[in-house]
file my_file.csv (CSV, C-alpha atoms)
chain,number,residue,atom,x,y,z
A,1,MET,CA,94.3,127.2,75.0
A,2,THR,CA,92.9,130.7,74.8
A,3,ASP,CA,94.8,133.8,75.9
A,4,LEU,CA,92.6,134.1,78.9
A,5,ASN,CA,93.4,130.5,80.0
A,6,LEU,CA,97.1,131.1,79.4
A,7,ASP,CA,97.0,134.2,81.5
A,8,TRP,CA,95.2,132.3,84.3
A,9,ALA,CA,97.7,129.4,84.1
A,10,GLU,CA,100.6,131.8,84.2
A,11,SER,CA,99.1,133.7,87.2
A,12,LEU,CA,98.5,130.4,89.1
A,13,ALA,CA,102.1,129.2,88.4
A,14,ASN,CA,103.5,132.5,89.6
A,15,ALA,CA,101.4,132.5,92.7
A,16,LYS,CA,102.6,128.9,93.5
A,17,ALA,CA,106.2,129.8,92.9
A,18,ASP,CA,106.0,132.9,95.1
A,19,LEU,CA,104.4,130.9,98.0
A,20,ARG,CA,106.8,128.0,97.5
A,21,LYS,CA,109.8,130.3,97.8
A,22,ARG,CA,108.5,132.0,100.9
A,23,ILE,CA,107.5,128.9,102.8
A,24,LEU,CA,110.6,126.9,102.0
A,25,ALA,CA,112.8,129.8,103.1
A,26,ARG,CA,110.9,129.7,106.4
A,27,ARG,CA,111.5,125.9,106.7
A,28,ASP,CA,115.2,126.1,105.7
A,29,VAL,CA,116.0,128.2,108.8
A,30,LEU,CA,114.3,126.0,111.3
A,31,PRO,CA,116.9,125.5,114.1
A,32,SER,CA,118.2,121.9,114.2
A,33,HIS,CA,117.1,121.3,117.8
A,34,VAL,CA,113.6,122.6,117.1
A,35,LYS,CA,113.5,120.5,113.9
A,36,ALA,CA,114.5,117.3,115.8
A,37,SER,CA,111.9,117.9,118.5
A,38,ALA,CA,109.2,118.5,115.9
A,39,GLU,CA,110.2,115.3,114.0
A,40,ASN,CA,109.8,113.2,117.1
A,41,ALA,CA,106.3,114.5,117.6
A,42,ILE,CA,105.5,113.9,113.9
A,43,ARG,CA,106.8,110.4,114.2
A,44,ALA,CA,104.3,109.6,117.0
A,45,ARG,CA,101.5,111.2,115.0
A,46,VAL,CA,102.3,109.3,111.8
A,47,LEU,CA,102.4,106.0,113.7
A,48,SER,CA,99.1,106.7,115.5
A,49,PHE,CA,97.4,107.7,112.2
A,50,VAL,CA,98.7,104.8,110.1
A,51,LEU,CA,98.3,102.0,112.6
A,52,ALA,CA,94.7,102.9,113.1
A,53,ARG,CA,94.0,102.2,109.4
A,54,PRO,CA,94.7,99.2,107.2
A,55,GLY,CA,96.6,99.2,103.9
A,56,ILE,CA,100.0,99.5,102.3
A,57,VAL,CA,101.8,102.7,103.2
A,58,SER,CA,103.9,104.9,100.9
A,59,GLY,CA,106.4,107.1,102.7
A,60,PHE,CA,109.3,109.3,101.6
A,61,LEU,CA,112.9,110.0,102.5
A,62,PRO,CA,113.7,113.6,103.0
A,63,ILE,CA,115.4,116.0,100.6
A,64,ARG,CA,116.4,119.6,101.3
A,65,SER,CA,115.0,120.6,104.7
A,66,GLU,CA,112.0,118.2,104.6
A,67,VAL,CA,110.7,116.4,107.7
A,68,ASP,CA,112.5,113.1,108.2
A,69,ILE,CA,109.9,110.4,108.7
A,70,ALA,CA,112.3,107.5,108.1
A,71,PRO,CA,112.2,106.5,111.8
A,72,ALA,CA,108.4,106.2,111.6
A,73,LEU,CA,108.6,104.1,108.5
A,74,GLY,CA,111.1,101.8,110.3
A,75,ASP,CA,108.6,101.5,113.2
A,76,LEU,CA,105.8,100.6,110.7
A,77,ILE,CA,107.9,97.9,109.1
A,78,LYS,CA,108.7,96.5,112.5
A,79,ALA,CA,105.0,96.5,113.2
A,80,GLY,CA,104.5,94.3,110.2
A,81,ARG,CA,103.2,96.9,107.8
A,82,THR,CA,104.2,96.9,104.1
A,83,VAL,CA,106.0,100.1,103.3
A,84,VAL,CA,106.8,101.4,99.8
A,85,LEU,CA,108.8,104.4,98.6
A,86,PRO,CA,108.1,106.5,95.5
A,87,VAL,CA,110.5,106.4,92.5
A,88,VAL,CA,110.4,108.8,89.6
A,89,ILE,CA,110.3,106.7,86.4
A,90,ASP,CA,110.1,109.6,84.0
A,91,ARG,CA,108.9,113.2,83.9
A,92,THR,CA,105.3,112.2,84.5
A,93,THR,CA,105.3,108.9,86.4
A,94,LEU,CA,105.9,107.7,89.9
A,95,GLU,CA,105.9,104.1,90.8
A,96,PHE,CA,105.9,102.7,94.4
A,97,ARG,CA,108.6,100.0,95.3
A,98,GLN,CA,108.5,97.9,98.4
A,99,TRP,CA,111.1,98.7,101.0
A,100,ASP,CA,112.0,96.6,104.1
A,101,GLY,CA,114.2,99.3,105.7
A,102,SER,CA,117.5,97.6,104.9
A,103,ASP,CA,117.3,97.4,101.1
A,104,ALA,CA,120.1,99.3,99.3
A,105,LEU,CA,118.7,102.6,97.9
A,106,VAL,CA,119.3,104.1,94.5
A,107,ASP,CA,118.8,107.5,92.9
A,108,ALA,CA,115.0,107.8,92.6
A,109,GLY,CA,114.8,111.2,90.8
A,110,PHE,CA,114.6,114.8,91.9
A,111,GLY,CA,117.2,114.2,94.6
A,112,THR,CA,115.3,111.4,96.3
A,113,ARG,CA,116.3,107.8,97.0
A,114,GLY,CA,114.4,104.6,96.7
A,115,PRO,CA,114.6,100.9,96.2
A,116,GLY,CA,116.1,99.6,93.0
A,117,PRO,CA,114.3,98.1,90.0
A,118,GLU,CA,114.5,94.6,91.5
A,119,ALA,CA,112.0,95.6,94.3
A,120,ALA,CA,108.4,94.7,94.0
A,121,VAL,CA,106.1,97.4,92.6
A,122,VAL,CA,103.0,97.8,94.9
A,123,ASP,CA,100.4,100.5,95.0
A,124,PRO,CA,99.7,102.0,98.4
A,125,GLN,CA,96.3,102.7,100.1
A,126,ILE,CA,97.8,105.3,102.4
A,127,LEU,CA,100.1,107.9,100.8
A,128,LEU,CA,102.3,110.0,103.0
A,129,THR,CA,103.4,113.0,100.9
A,130,PRO,CA,106.0,115.7,101.4
A,131,LEU,CA,105.0,119.2,100.8
A,132,ALA,CA,106.2,122.8,100.5
A,133,ALA,CA,103.1,124.3,101.9
A,134,PHE,CA,99.5,123.4,103.0
A,135,ASP,CA,96.2,124.9,104.1
A,136,ARG,CA,93.5,123.5,106.3
A,137,ARG,CA,91.2,122.7,103.5
A,138,GLY,CA,93.7,120.1,102.2
A,139,GLY,CA,95.4,122.3,99.7
A,140,ARG,CA,98.9,121.0,99.0
A,141,LEU,CA,101.8,122.8,97.3
A,142,GLY,CA,104.6,120.6,96.1
A,143,TYR,CA,107.7,121.4,94.3
A,144,GLY,CA,106.1,122.0,90.9
A,145,ALA,CA,106.6,118.7,89.0
A,146,GLY,CA,103.1,117.4,89.7
A,147,HIS,CA,104.2,113.8,90.3
A,148,TYR,CA,102.1,113.2,93.4
A,149,ASP,CA,99.0,114.7,91.8
A,150,ARG,CA,99.3,112.4,88.8
A,151,ALA,CA,100.0,109.4,91.0
A,152,LEU,CA,96.9,110.2,93.1
A,153,ALA,CA,94.8,110.6,90.0
A,154,ARG,CA,95.8,107.1,88.9
A,155,LEU,CA,95.4,105.6,92.3
A,156,ASP,CA,92.0,107.2,92.9
A,157,ALA,CA,90.8,105.8,89.6
A,158,SER,CA,91.3,102.2,90.7
A,159,GLU,CA,90.7,102.3,94.5
A,160,SER,CA,90.3,104.6,97.4
A,161,VAL,CA,93.6,106.1,98.6
A,162,ILE,CA,94.2,108.3,101.6
A,163,ALA,CA,96.6,111.2,100.9
A,164,VAL,CA,98.3,112.5,104.0
A,165,GLY,CA,100.6,115.5,103.9
A,166,VAL,CA,103.4,115.5,106.4
A,167,GLY,CA,105.3,118.6,107.3
A,168,PHE,CA,106.0,121.2,109.9
A,169,ALA,CA,103.4,123.5,111.4
A,170,LEU,CA,105.2,126.6,110.0
A,171,GLN,CA,104.5,125.4,106.5
A,172,GLU,CA,100.8,126.2,106.9
A,173,THR,CA,99.4,129.1,104.9
A,174,GLU,CA,95.9,130.6,104.7
A,175,ALA,CA,95.2,129.3,101.2
A,176,VAL,CA,97.2,127.3,98.7
A,177,PRO,CA,96.5,128.4,95.1
A,178,THR,CA,95.2,125.4,93.3
A,179,GLY,CA,94.0,124.3,89.9
A,180,GLU,CA,91.9,121.6,88.5
A,181,THR,CA,94.6,118.9,88.6
A,182,ASP,CA,95.6,119.6,92.2
A,183,ARG,CA,94.2,116.8,94.3
A,184,PRO,CA,93.4,117.9,97.9
A,185,LEU,CA,94.8,116.0,100.9
A,186,ASP,CA,92.6,114.0,103.1
A,187,ALA,CA,94.7,114.8,106.2
A,188,ILE,CA,97.8,116.7,107.3
A,189,ILE,CA,100.2,115.7,110.1
A,190,THR,CA,102.4,118.2,111.8
A,191,GLU,CA,104.2,118.3,115.1
A,192,SER,CA,101.2,120.2,116.6
A,193,GLU,CA,98.2,118.3,115.3
A,194,THR,CA,96.6,115.9,112.9
A,195,ILE,CA,94.2,117.8,110.6
A,196,ILE,CA,91.4,115.9,108.9
A,197,CYS,CA,90.5,117.6,105.7
A,198,GLY,CA,88.4,115.2,103.7
A,199,ALA,CA,85.9,112.4,104.0
A,200,LYS,CA,88.5,109.6,103.8
A,201,ARG,CA,89.7,108.9,107.4
call {"tool": "encode", "arguments": {"input": "my_file.csv", "output": "structure tokens"}}
result
Amino acid sequence: MTDLNLDWAESLANAKADLRKRILARRDVLPSHVKASAENAIRARVLSFVLARPGIVSGFLPIRSEVDIAPALGDLIKAGRTVVLPVVIDRTTLEFRQWDGSDALVDAGFGTRGPGPEAAVVDPQILLTPLAAFDRRGGRLGYGAGHYDRALARLDASESVIAVGVGFALQETEAVPTGETDRPLDAIITESETIICGAKR
């Protein structure tokens, strides 16, 4: 890698880190009653979006001050949909394990929880993703490890997958700094609206 490329990569990483810190600080101080009300609205929007489309759904369980979509995942399971949760296998790999809402959960890496190794591994067609920040073009800022970008690259190579960011409206920013490996979202769900960003609907 040339010095120019190294400088660009360092600049991009710094811009992401600065934005991540700023937006997460904003999310961390969201009052609990406001957060609970927003999560109820997000639950309804997640259900409306997912139930209108076929396919296995990957969700997530919250860490830090993330939106809690576990109730929506439970609703989807009751509606007969197959739900999977991501599990960090190593520094570069996510796999998706089936969850019926009652399975015991284990440490799934990076502070997350997920089904144990006895659970079936199934790739999703709809991927609900947590995020630190987003923009209306589908730019997504995660926590810096790149697990979702790599998982989406693998899934996109074999079939069409819809990537849906889920978060609070206050996590929106004008433009997320992105590089070549940052896969844009197809839609974003907040308490205020469902934003369609890409051609996959």
call {"tool": "closest_residue", "arguments": {"input": "my_file.csv", "among": "A:Leu94, A:Val166, A:Leu131, A:Ala187", "to": "Arg154 in chain A", "atoms": "only C-alpha atoms"}}
result
A:Leu94
call {"tool": "closest_residue", "arguments": {"input": "my_file.csv", "among": "A:Glu10, A:Glu66, A:Asp75, A:Asp28", "to": "Leu47 in chain A", "atoms": "all atoms listed in the file"}}
result
A:Asp75
call {"tool": "atom_distance", "arguments": {"input": "my_file.csv", "atom1": "CA of Ile188 in chain A", "atom2": "CA of Leu128 in chain A"}}
result
9.1 Å
call {"tool": "residues_around", "arguments": {"input": "my_file.csv", "residues": "Thr82 in chain A", "least_positions_apart": "5", "cutoff": "9 Å", "atoms": "all atoms listed in the file", "output": "list in words"}}
result
Gly55, Ile56, Val57, Ser58, Leu76, Ile77, Gln98, Trp99, Asp100 and Pro124 of chain A
call {"tool": "closest_residue", "arguments": {"input": "my_file.csv", "among": "A:Ile63, A:Val88, A:Val83, A:Ala133", "to": "Gly111 in chain A", "atoms": "only C-alpha atoms"}}
result
A:Ile63
call {"tool": "closest_residue", "arguments": {"input": "my_file.csv", "among": "A:Ile196, A:Arg91, A:Arg53, A:Thr190", "to": "Asn40 in chain A", "atoms": "only C-alpha atoms"}}
result
A:Thr190
call {"tool": "atom_distance", "arguments": {"input": "my_file.csv", "atom1": "CA of Val164 in chain A", "atom2": "CA of Arg113 in chain A"}}
result
19.9 Å
call {"tool": "closest_residue", "arguments": {"input": "my_file.csv", "among": "A:Thr92, A:Thr129, A:Thr112, A:Ser32", "to": "Ile69 in chain A", "atoms": "all atoms listed in the file"}}
result
A:Thr129
call {"tool": "atom_distance", "arguments": {"input": "my_file.csv", "atom1": "CA of Leu141 in chain A", "atom2": "CA of Pro71 in chain A"}}
result
24.2 Å
call {"tool": "closest_residue", "arguments": {"input": "my_file.csv", "among": "A:Phe49, A:Phe60, A:Tyr148, A:Tyr143", "to": "Leu85 in chain A", "atoms": "all atoms listed in the file"}}
result
A:Phe60
call {"tool": "residues_around", "arguments": {"input": "my_file.csv", "residues": "range 117-122 of chain A", "least_positions_apart": "5", "cutoff": "7 Å", "atoms": "only C-alpha atoms", "output": "count of residues only"}}
result
4
call {"tool": "residues_near_point", "arguments": {"input": "my_file.csv", "point": "(104.8, 99.2, 114.1)", "cutoff": "10 Å", "atoms": "only C-alpha atoms", "output": "PyMOL selection string"}}
result
chain A and resi 47-48+50-51+72-81
call {"tool": "residues_near_point", "arguments": {"input": "my_file.csv", "point": "(118.3, 100.4, 99.3)", "cutoff": "10 Å", "atoms": "all atoms listed in the file", "output": "number ranges by chain"}}
result
A: 99-107, 113-116, 119
call {"tool": "residues_around", "arguments": {"input": "my_file.csv", "residues": "Glu180 in chain A", "least_positions_apart": "6", "cutoff": "12 Å", "atoms": "all atoms listed in the file", "output": "number ranges by chain"}}
result
A: 8-9, 12, 139, 149-150, 153
call {"tool": "decode", "arguments": {"input": "my_file.csv", "residues": "range 93-162 of chain A", "atoms": "C-alpha atoms", "output": "PDB file, in the first residue's frame"}}
result
ATOM      1  CA  THR A  93     -16.468 -14.311  10.555  1.00  0.00           C
ATOM      2  CA  LEU A  94     -20.117 -14.136  11.540  1.00  0.00           C
ATOM      3  CA  GLU A  95     -22.401 -17.151  11.305  1.00  0.00           C
ATOM      4  CA  PHE A  96     -26.155 -17.116  11.772  1.00  0.00           C
ATOM      5  CA  ARG A  97     -27.749 -19.595  14.185  1.00  0.00           C
ATOM      6  CA  GLN A  98     -31.451 -20.356  14.379  1.00  0.00           C
ATOM      7  CA  TRP A  99     -33.251 -19.096  17.484  1.00  0.00           C
ATOM      8  CA  ASP A 100     -36.752 -20.015  18.634  1.00  0.00           C
ATOM      9  CA  GLY A 101     -36.990 -17.362  21.327  1.00  0.00           C
ATOM     10  CA  SER A 102     -36.551 -19.796  24.198  1.00  0.00           C
ATOM     11  CA  ASP A 103     -33.143 -21.328  23.414  1.00  0.00           C
ATOM     12  CA  ALA A 104     -30.447 -20.719  26.006  1.00  0.00           C
ATOM     13  CA  LEU A 105     -28.069 -17.995  24.875  1.00  0.00           C
ATOM     14  CA  VAL A 106     -24.282 -18.007  25.091  1.00  0.00           C
ATOM     15  CA  ASP A 107     -21.558 -15.426  24.665  1.00  0.00           C
ATOM     16  CA  ALA A 108     -21.564 -14.625  20.953  1.00  0.00           C
ATOM     17  CA  GLY A 109     -18.591 -12.228  20.885  1.00  0.00           C
ATOM     18  CA  PHE A 110     -18.241  -8.452  21.233  1.00  0.00           C
ATOM     19  CA  GLY A 111     -20.619  -8.430  24.198  1.00  0.00           C
ATOM     20  CA  THR A 112     -23.451 -10.036  22.247  1.00  0.00           C
ATOM     21  CA  ARG A 113     -25.462 -13.172  22.985  1.00  0.00           C
ATOM     22  CA  GLY A 114     -26.641 -15.870  20.623  1.00  0.00           C
ATOM     23  CA  PRO A 115     -27.628 -19.531  20.335  1.00  0.00           C
ATOM     24  CA  GLY A 116     -25.027 -22.162  21.170  1.00  0.00           C
ATOM     25  CA  PRO A 117     -23.108 -24.373  18.704  1.00  0.00           C
ATOM     26  CA  GLU A 118     -25.871 -27.001  18.723  1.00  0.00           C
ATOM     27  CA  ALA A 119     -28.223 -24.588  16.907  1.00  0.00           C
ATOM     28  CA  ALA A 120     -28.730 -24.891  13.153  1.00  0.00           C
ATOM     29  CA  VAL A 121     -26.634 -22.544  11.015  1.00  0.00           C
ATOM     30  CA  VAL A 122     -28.874 -20.848   8.440  1.00  0.00           C
ATOM     31  CA  ASP A 123     -28.178 -17.877   6.159  1.00  0.00           C
ATOM     32  CA  PRO A 124     -30.795 -15.088   6.199  1.00  0.00           C
ATOM     33  CA  GLN A 125     -32.454 -13.285   3.301  1.00  0.00           C
ATOM     34  CA  ILE A 126     -33.340 -10.266   5.478  1.00  0.00           C
ATOM     35  CA  LEU A 127     -30.575  -8.961   7.715  1.00  0.00           C
ATOM     36  CA  LEU A 128     -31.549  -6.544  10.495  1.00  0.00           C
ATOM     37  CA  THR A 129     -28.362  -4.806  11.562  1.00  0.00           C
ATOM     38  CA  PRO A 130     -27.450  -2.636  14.537  1.00  0.00           C
ATOM     39  CA  LEU A 131     -25.553   0.553  13.825  1.00  0.00           C
ATOM     40  CA  ALA A 132     -23.769   3.480  15.389  1.00  0.00           C
ATOM     41  CA  ALA A 133     -24.836   5.974  12.706  1.00  0.00           C
ATOM     42  CA  PHE A 134     -26.528   6.085   9.304  1.00  0.00           C
ATOM     43  CA  ASP A 135     -27.308   8.431   6.434  1.00  0.00           C
ATOM     44  CA  ARG A 136     -30.200   8.487   3.985  1.00  0.00           C
ATOM     45  CA  ARG A 137     -28.140   7.050   1.142  1.00  0.00           C
ATOM     46  CA  GLY A 138     -27.747   3.831   3.110  1.00  0.00           C
ATOM     47  CA  GLY A 139     -24.372   4.580   4.616  1.00  0.00           C
ATOM     48  CA  ARG A 140     -23.922   2.556   7.802  1.00  0.00           C
ATOM     49  CA  LEU A 141     -21.357   3.086  10.525  1.00  0.00           C
ATOM     50  CA  GLY A 142     -20.868   0.098  12.800  1.00  0.00           C
ATOM     51  CA  TYR A 143     -18.495  -0.415  15.685  1.00  0.00           C
ATOM     52  CA  GLY A 144     -15.383  -0.815  13.585  1.00  0.00           C
ATOM     53  CA  ALA A 145     -14.818  -4.577  13.365  1.00  0.00           C
ATOM     54  CA  GLY A 146     -16.372  -4.985   9.899  1.00  0.00           C
ATOM     55  CA  HIS A 147     -18.227  -8.207  10.724  1.00  0.00           C
ATOM     56  CA  TYR A 148     -21.479  -7.195   9.051  1.00  0.00           C
ATOM     57  CA  ASP A 149     -19.765  -5.877   5.921  1.00  0.00           C
ATOM     58  CA  ARG A 150     -17.917  -9.170   5.460  1.00  0.00           C
ATOM     59  CA  ALA A 151     -21.053 -11.199   6.182  1.00  0.00           C
ATOM     60  CA  LEU A 152     -23.016  -9.175   3.631  1.00  0.00           C
ATOM     61  CA  ALA A 153     -20.269  -9.597   1.028  1.00  0.00           C
ATOM     62  CA  ARG A 154     -20.491 -13.373   1.499  1.00  0.00           C
ATOM     63  CA  LEU A 155     -24.287 -13.424   1.411  1.00  0.00           C
ATOM     64  CA  ASP A 156     -24.471 -11.124  -1.616  1.00  0.00           C
ATOM     65  CA  ALA A 157     -22.146 -13.445  -3.505  1.00  0.00           C
ATOM     66  CA  SER A 158     -24.554 -16.384  -3.216  1.00  0.00           C
ATOM     67  CA  GLU A 159     -28.002 -14.773  -3.155  1.00  0.00           C
ATOM     68  CA  SER A 160     -29.822 -11.508  -2.803  1.00  0.00           C
ATOM     69  CA  VAL A 161     -30.010 -10.311   0.797  1.00  0.00           C
ATOM     70  CA  ILE A 162     -31.831  -7.231   2.078  1.00  0.00           C
TER      71      ILE A 162
END
